[in-house]
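Let me begin by presenting the structure, written as structure tokens, before commenting on it.
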Amino acid sequence: MTLATYFDYFILPILTISVILVFIRLVKGPKVVDRVIALDLIITIGIGIITIFTIRSNQKVLLDVAIILALIAFLSTVAFSFYIEKREDD
Amino acid sequence: MIDILIAILSTIGAFAIFFASLGILRMPDFYLRLSVTVKAATMGVGLLLLCAAILFPDISVSTKAIAIIFFLIITSPIAAHMIGRAAYLTGTPLWKGTIIDELAGRYDKETGVLNNEESEEQQGDPAKGQIAESEEETK
């Protein structure tokens with residue numbers, strides 16, 4: 001078994017199942033903060049998927065997308081928490 | 001030889017991410033979900049990026065991957081702290097099995113200021129009240 005088939009048939013399906021499980025929590029989360037951390041976790045798993053895809057396709061340019069996604073995840077979580085804290089009702 | 005190392009690292013990383021997603025689905029409370037996801041996801045994505053840093057022979061890819069790991073390790077606790085604080089201030093309920101809530105009555109709900117000094121000036125009563133409340137809750 002080579003490393004390429006190991007990535008294709010073992011690592012990527014596990015990451016895909018993880019995204020699906022987190023998406024269930026994103027849909028049914030009882031409060032807004034649950035949805036915010038679910039979205040944060042989806043973006044973080046997306047960084048992992050991009051990394052595996054970078055290894056498999058030998059295109060090292062794709063890691064730049066991972067940098068931008070990490071930045072967006074952090075900024076969106078901080079902005080969401082700022083405005084949730086400022087909100088009057090709830 | 002290096003293939004085996006990459007396989008072991010990526011397997012541990014993928015299972016860490018999988019347990020994080022299982023935790024965010026199955027944990028009963030917002031705070032427990034937060035404590036599961038941030039640690040496990042940071043470790044999992046860090047190990048996957050370490051695989052990419054080892055596997056590519058180019059120095060620029062390794063630098064980028066290590067920079068992403070560093071950025072994740074710095075920023076994800078800050079984001080988790082801010083979203084946890086916002087959740088506590090907006091009154092997200094704790095799990096019914098929670099034994100003690102050390103922040104009970106310490107946050108000013110209007111301004112969001114943690115008043116440590118006032119409670120230390122009054123010393124005896126709030127601390128006793130907290131412990132008594134928590135013991136009643138455990139019974």
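Following the order of the structure tokens, first chain is A, next is B, and so on, with residues numbered from 1 inside each chain and ligands from 1 in the order they appear.
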Contacts of chain A with chain B up to 8 Å, shortest pair per row, only C-alpha atoms, as CSV:
```
residue,atom,partner,partner_atom,distance
A:Leu3,CA,B:Asp3,CA,6.6
A:Tyr6,CA,B:Ala7,CA,7.8
A:Ile11,CA,B:Ala14,CA,6.2
A:Ile14,CA,B:Ala14,CA,6.5
A:Leu15,CA,B:Ala14,CA,6.5
A:Ile17,CA,B:Phe18,CA,7.7
A:Ser18,CA,B:Phe18,CA,5.2
A:Val19,CA,B:Ser21,CA,7.3
A:Leu21,CA,B:Ser21,CA,6.0
A:Val22,CA,B:Ser21,CA,5.5
A:Ile24,CA,B:Leu25,CA,7.4
A:Arg25,CA,B:Leu25,CA,5.7
A:Lys31,CA,B:Thr92,CA,8.0
A:Val33,CA,B:Ala87,CA,6.4
A:Asp34,CA,B:Phe30,CA,6.4
A:Ile37,CA,B:Leu34,CA,7.2
A:Ala38,CA,B:Ile24,CA,7.6
A:Leu41,CA,B:Thr37,CA,7.2
A:Thr44,CA,B:Ala41,CA,7.0
A:Ile45,CA,B:Val45,CA,7.0
A:Ile47,CA,B:Val45,CA,7.1
A:Gly48,CA,B:Val45,CA,5.3
A:Thr51,CA,B:Leu49,CA,6.3
A:Ile52,CA,B:Leu48,CA,7.3
A:Thr54,CA,B:Ala52,CA,7.9
A:Ile55,CA,B:Ala52,CA,6.2
A:Lys60,CA,B:Val61,CA,6.6
A:Leu63,CA,B:Lys64,CA,7.2
A:Asp64,CA,B:Lys64,CA,7.9
A:Ala66,CA,B:Ile68,CA,7.7
A:Ile67,CA,B:Ile68,CA,6.1
A:Ala70,CA,B:Leu72,CA,7.0
A:Phe74,CA,B:Ala79,CA,6.3
A:Thr77,CA,B:Ala79,CA,6.0
A:Val78,CA,B:Ala79,CA,5.7
A:Phe80,CA,B:Ile83,CA,7.8
A:Ser81,CA,B:Ile83,CA,5.0
A:Phe82,CA,B:Ala86,CA,7.3
A:Ile84,CA,B:Ala86,CA,6.4
A:Glu85,CA,B:Ala86,CA,5.0
A:Asp90,CA,B:Thr90,CA,7.0
```
Would you save the residues from that selection as a tab-separated table (two decimals), in the first residue's frame, using N, CA and C atoms?
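Saved to part_13.tsv:
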```tsv
chain	number	residue	atom	x	y	z
A	3	LEU	N	1.66	5.42	-0.05
A	3	LEU	CA	1.17	6.53	0.77
A	3	LEU	C	0.01	7.25	0.09
A	6	TYR	N	-3.13	5.42	0.68
A	6	TYR	CA	-3.49	5.58	2.10
A	6	TYR	C	-4.17	6.91	2.34
A	11	ILE	N	-7.40	8.70	5.00
A	11	ILE	CA	-7.36	10.00	5.69
A	11	ILE	C	-8.48	10.91	5.21
A	14	ILE	N	-12.01	10.01	6.50
A	14	ILE	CA	-12.20	10.36	7.91
A	14	ILE	C	-12.48	11.86	8.04
A	15	LEU	N	-11.73	12.68	7.30
A	15	LEU	CA	-11.94	14.13	7.40
A	15	LEU	C	-13.32	14.50	6.86
A	17	ILE	N	-16.06	12.60	6.87
A	17	ILE	CA	-17.08	12.22	7.87
A	17	ILE	C	-17.08	13.23	9.01
A	18	SER	N	-15.89	13.73	9.39
A	18	SER	CA	-15.83	14.73	10.46
A	18	SER	C	-16.57	16.00	10.07
A	19	VAL	N	-16.39	16.45	8.82
A	19	VAL	CA	-17.10	17.66	8.38
A	19	VAL	C	-18.60	17.44	8.41
A	21	LEU	N	-20.30	15.39	10.42
A	21	LEU	CA	-20.76	15.40	11.81
A	21	LEU	C	-20.84	16.81	12.37
A	22	VAL	N	-19.83	17.65	12.05
A	22	VAL	CA	-19.86	19.02	12.55
A	22	VAL	C	-21.00	19.79	11.88
A	24	ILE	N	-23.89	18.63	11.13
A	24	ILE	CA	-25.14	18.34	11.85
A	24	ILE	C	-25.30	19.28	13.04
A	25	ARG	N	-24.18	19.49	13.78
A	25	ARG	CA	-24.23	20.42	14.92
A	25	ARG	C	-24.49	21.84	14.45
A	31	LYS	N	-28.14	27.25	20.22
A	31	LYS	CA	-27.89	28.69	20.35
A	31	LYS	C	-26.95	29.16	19.26
A	33	VAL	N	-24.04	30.62	19.68
A	33	VAL	CA	-22.62	30.36	19.96
A	33	VAL	C	-22.23	28.95	19.54
A	34	ASP	N	-23.18	27.98	19.63
A	34	ASP	CA	-22.89	26.64	19.14
A	34	ASP	C	-22.60	26.66	17.64
A	37	ILE	N	-19.03	28.12	16.94
A	37	ILE	CA	-17.87	27.23	17.09
A	37	ILE	C	-17.93	26.09	16.08
A	38	ALA	N	-19.14	25.70	15.64
A	38	ALA	CA	-19.21	24.68	14.60
A	38	ALA	C	-18.63	25.20	13.28
A	41	LEU	N	-14.90	25.24	13.56
A	41	LEU	CA	-14.31	23.91	13.43
A	41	LEU	C	-14.36	23.42	11.98
A	44	THR	N	-11.50	24.98	10.27
A	44	THR	CA	-10.23	24.38	10.69
A	44	THR	C	-10.01	23.01	10.04
A	45	ILE	N	-11.09	22.21	9.94
A	45	ILE	CA	-10.96	20.92	9.25
A	45	ILE	C	-10.69	21.15	7.76
A	47	ILE	N	-8.82	23.44	6.58
A	47	ILE	CA	-7.37	23.63	6.44
A	47	ILE	C	-6.67	22.29	6.33
A	48	GLY	N	-7.11	21.31	7.14
A	48	GLY	CA	-6.52	19.97	7.06
A	48	GLY	C	-6.76	19.31	5.72
A	51	THR	N	-4.54	20.76	3.18
A	51	THR	CA	-3.17	20.26	3.34
A	51	THR	C	-2.99	18.89	2.68
A	52	ILE	N	-3.94	17.98	2.94
A	52	ILE	CA	-3.85	16.65	2.32
A	52	ILE	C	-3.95	16.76	0.80
A	54	THR	N	-3.00	19.30	-0.95
A	54	THR	CA	-1.72	19.83	-1.41
A	54	THR	C	-0.68	18.72	-1.57
A	55	ILE	N	-0.66	17.79	-0.59
A	55	ILE	CA	0.30	16.68	-0.69
A	55	ILE	C	-0.03	15.81	-1.88
A	60	LYS	N	2.09	23.23	-4.45
A	60	LYS	CA	2.35	23.85	-3.16
A	60	LYS	C	1.77	25.25	-3.04
A	63	LEU	N	-1.19	25.98	-0.33
A	63	LEU	CA	-1.05	26.26	1.11
A	63	LEU	C	-1.33	27.72	1.44
A	64	ASP	N	-1.23	28.61	0.45
A	64	ASP	CA	-1.59	30.01	0.68
A	64	ASP	C	-3.06	30.14	1.05
A	66	ALA	N	-4.71	27.99	2.68
A	66	ALA	CA	-4.84	27.56	4.08
A	66	ALA	C	-4.49	28.70	5.03
A	67	ILE	N	-3.48	29.49	4.68
A	67	ILE	CA	-3.13	30.63	5.52
A	67	ILE	C	-4.30	31.60	5.61
A	70	ALA	N	-7.12	30.25	7.78
A	70	ALA	CA	-6.84	30.35	9.21
A	70	ALA	C	-7.11	31.76	9.71
A	74	PHE	N	-10.17	32.88	12.51
A	74	PHE	CA	-9.92	33.64	13.74
A	74	PHE	C	-10.71	34.95	13.75
A	77	THR	N	-14.54	34.43	14.20
A	77	THR	CA	-14.95	34.05	15.55
A	77	THR	C	-14.89	35.24	16.50
A	78	VAL	N	-13.82	36.04	16.38
A	78	VAL	CA	-13.70	37.20	17.26
A	78	VAL	C	-14.80	38.22	16.97
A	80	PHE	N	-17.81	37.62	15.64
A	80	PHE	CA	-19.09	37.08	16.12
A	80	PHE	C	-19.22	37.24	17.62
A	81	SER	N	-18.15	36.93	18.37
A	81	SER	CA	-18.27	37.02	19.82
A	81	SER	C	-18.42	38.46	20.26
A	82	PHE	N	-17.75	39.39	19.55
A	82	PHE	CA	-17.90	40.81	19.88
A	82	PHE	C	-19.34	41.26	19.72
A	84	ILE	N	-22.10	39.34	19.47
A	84	ILE	CA	-23.04	38.61	20.34
A	84	ILE	C	-23.05	39.24	21.72
A	85	GLU	N	-21.86	39.65	22.18
A	85	GLU	CA	-21.78	40.27	23.50
A	85	GLU	C	-22.49	41.62	23.52
A	90	ASP	N	-31.92	38.35	23.62
A	90	ASP	CA	-31.44	36.98	23.82
A	90	ASP	C	-31.30	36.72	25.32
```
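With atom CA of B:Pro93 on one side and atom CA of A:Ile20 on the other, the separation reads 26.0 Å.
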Please indicate the distance in Å from atom CA of B:Pro28 to atom CA of A:Lys86, rounded to one decimal place.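 Result for atom CA of B:Pro28 versus atom CA of A:Lys86: 26.1 Å, one decimal.
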Quick check, in Å to one decimal: how far apart do atom CA of A:Ile68 and atom CA of B:Thr63 lie? 15.3 Å
Which residues in chain A does DSSP call alpha helix (DSSP H)? List them as a ChimeraX atom specification. /A:3-6,12-28,32-57,63-86
